[in-house]
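Student: Would you mind keeping the following structure in view while I ask a few things?
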Amino acid sequence: MKCSIPNEPKCIAGLLLRVGFGLSLLFVGLSHYMTFEGFKSMTMDGLGVLEPLGLVWAFVLPALMILGGALFVINMYKEIATWAAGLALVSIPVGMLIKPILTNVALGDMMGPAINAFIWIIVYVLVVKISGCCGGSCGTK
């Protein structure tokens with residue numbers, strides 16, 4: 001298994017972006033589990049009949065972030081990393097923007113956090129796009 005260090009600027013940027021994004025996603029997922037009671041309350045709050053779904057998602061979302069982030073960092077199982085991280089990230093603005101429909105939360109209160117989540121999604125797309133451009137996969141698929 002030969003692992004080459006990238007020597008082209010685009011490949012260096014891709015490597016650093018992939019590792020930085022993966023670590024960030026991993027750390028956010030771990031943080032959600034470390035502060036689970038508050039995170040669980042936030043995901044369930046105001047969902048009415050959908051509160052059990054919020055509880056389940058409070059367990060699943062951090063796991064997807066940890067799995068996707070770790071796999072991006074080690075550059076293995078790229079399809080699983082892409083699915084896990086993508087599913088976790090796109091569910092965040094969807095969950096935030098459904099709350100004004102189900103509760104009395106103002107849409108304006110949810111827009112800032114939803115836009116922040118879309119920034120994460122944009123970085124995710126860049127990571128997926130730029131990661132496939134360079135060799136040096138260290139023999140992984």
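Naming scheme: A, B, ... for chains in displayed order of the structure tokens; residues 1 onward per chain; ligands 1 onward as shown.
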Please list as JSON, numbers by chain every residue within 9 Å of range 67-71 of chain A, counting only C-alpha atoms and excluding residues in the same chain fewer than 4 positions away.

Tutor: {"A": [19, 21, 22, 23, 24, 25, 26, 27, 29, 62, 63, 75, 76, 77, 78, 80, 81, 82, 83, 84, 85, 86, 88]}

Student: Using DSSP on the backbone, list every residue of chain A that comes out as helix (DSSP H, G or I), and give them as a ChimeraX atom specification.

Tutor: /A:9-34,36-44,48-74,78-102,107-131

Student: Got time to write the residues from that selection, C-alpha atoms, as a compact mmCIF listing (two decimals), in the first residue's frame?

Tutor:
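Result saved to part15.txt:
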# COMPACT_ATOMS: atom_id res chain seq x y z
CA PRO A 9 -1.85 22.90 -4.91
CA LYS A 10 -5.36 21.67 -5.74
CA CYS A 11 -4.61 18.27 -4.19
CA ILE A 12 -3.05 19.81 -1.09
CA ALA A 13 -6.09 22.05 -0.64
CA GLY A 14 -8.38 19.06 -1.16
CA LEU A 15 -6.55 16.98 1.43
CA LEU A 16 -6.61 19.77 4.01
CA LEU A 17 -10.25 20.59 3.33
CA ARG A 18 -11.28 16.91 3.56
CA VAL A 19 -9.42 16.31 6.83
CA GLY A 20 -10.51 19.62 8.39
CA PHE A 21 -14.13 19.07 7.41
CA GLY A 22 -14.08 15.46 8.60
CA LEU A 23 -12.60 16.39 11.97
CA SER A 24 -15.08 19.23 12.39
CA LEU A 25 -18.01 16.94 11.64
CA LEU A 26 -16.60 14.30 14.00
CA PHE A 27 -16.17 16.83 16.82
CA VAL A 28 -19.67 18.26 16.39
CA GLY A 29 -21.15 14.76 16.54
CA LEU A 30 -19.17 13.94 19.68
CA SER A 31 -20.21 17.24 21.23
CA HIS A 32 -23.89 16.43 20.62
CA TYR A 33 -23.49 13.17 22.53
CA MET A 34 -21.54 14.89 25.32
CA PHE A 36 -27.09 14.89 24.89
CA GLU A 37 -29.88 16.08 27.18
CA GLY A 38 -29.81 19.59 25.74
CA PHE A 39 -29.44 18.31 22.19
CA LYS A 40 -32.31 15.86 22.65
CA SER A 41 -34.53 18.62 24.01
CA MET A 42 -33.70 20.82 21.04
CA THR A 43 -34.50 18.12 18.47
CA MET A 44 -37.78 17.13 20.15
CA GLY A 48 -45.99 17.62 18.70
CA VAL A 49 -46.92 14.16 17.42
CA LEU A 50 -43.49 13.93 15.76
CA GLU A 51 -41.58 14.17 19.07
CA PRO A 52 -40.71 10.44 19.03
CA LEU A 53 -39.11 11.00 15.62
CA GLY A 54 -37.11 13.87 17.13
CA LEU A 55 -35.91 11.55 19.90
CA VAL A 56 -34.78 8.91 17.43
CA TRP A 57 -33.05 11.53 15.30
CA ALA A 58 -31.24 12.88 18.39
CA PHE A 59 -29.49 9.50 18.59
CA VAL A 60 -29.00 9.00 14.83
CA LEU A 61 -27.77 12.45 13.72
CA PRO A 62 -24.59 12.55 15.87
CA ALA A 63 -23.79 8.95 14.88
CA LEU A 64 -24.01 9.87 11.19
CA MET A 65 -21.79 12.91 11.78
CA ILE A 66 -19.19 10.85 13.63
CA LEU A 67 -19.20 8.07 11.05
CA GLY A 68 -19.09 10.39 8.04
CA GLY A 69 -16.48 12.65 9.60
CA ALA A 70 -14.19 9.81 10.63
CA LEU A 71 -14.41 8.16 7.21
CA PHE A 72 -13.60 11.46 5.47
CA VAL A 73 -10.55 11.90 7.71
CA ILE A 74 -9.14 8.45 6.99
CA LYS A 78 -16.03 7.24 0.45
CA GLU A 79 -19.58 6.27 -0.51
CA ILE A 80 -20.51 5.58 3.11
CA ALA A 81 -18.82 8.80 4.25
CA THR A 82 -20.72 10.76 1.62
CA TRP A 83 -24.08 9.18 2.51
CA ALA A 84 -23.63 9.52 6.28
CA ALA A 85 -22.38 13.10 6.28
CA GLY A 86 -24.81 14.19 3.59
CA LEU A 87 -27.85 12.70 5.28
CA ALA A 88 -26.85 14.26 8.59
CA LEU A 89 -26.23 17.69 7.11
CA VAL A 90 -29.29 17.99 4.88
CA SER A 91 -31.57 16.88 7.72
CA ILE A 92 -30.54 19.89 9.83
CA PRO A 93 -32.11 22.72 7.78
CA VAL A 94 -35.11 20.50 7.00
CA GLY A 95 -35.68 19.91 10.71
CA MET A 96 -35.24 23.58 11.52
CA LEU A 97 -37.56 24.78 8.80
CA ILE A 98 -40.34 22.34 9.68
CA LYS A 99 -40.58 23.72 13.22
CA PRO A 100 -42.37 26.95 12.17
CA ILE A 101 -44.97 24.79 10.42
CA LEU A 102 -45.55 22.54 13.45
CA LEU A 107 -39.60 31.42 10.69
CA GLY A 108 -37.17 34.31 11.19
CA ASP A 109 -35.80 32.62 14.30
CA MET A 110 -34.97 29.50 12.30
CA MET A 111 -33.52 31.14 9.19
CA GLY A 112 -30.12 32.03 10.69
CA PRO A 113 -29.35 28.51 11.90
CA ALA A 114 -30.75 27.03 8.66
CA ILE A 115 -28.47 29.26 6.57
CA ASN A 116 -25.53 28.18 8.75
CA ALA A 117 -26.45 24.55 7.99
CA PHE A 118 -26.51 25.33 4.26
CA ILE A 119 -22.95 26.68 4.56
CA TRP A 120 -21.92 23.29 5.99
CA ILE A 121 -23.67 21.63 3.03
CA ILE A 122 -21.77 23.82 0.57
CA VAL A 123 -18.47 22.84 2.20
CA TYR A 124 -19.60 19.21 2.13
CA VAL A 125 -20.18 19.44 -1.64
CA LEU A 126 -16.72 21.00 -2.10
CA VAL A 127 -15.13 18.22 -0.04
CA VAL A 128 -16.83 15.52 -2.08
CA LYS A 129 -15.99 17.25 -5.36
CA ILE A 130 -12.36 18.06 -4.65
CA SER A 131 -11.55 14.79 -2.84
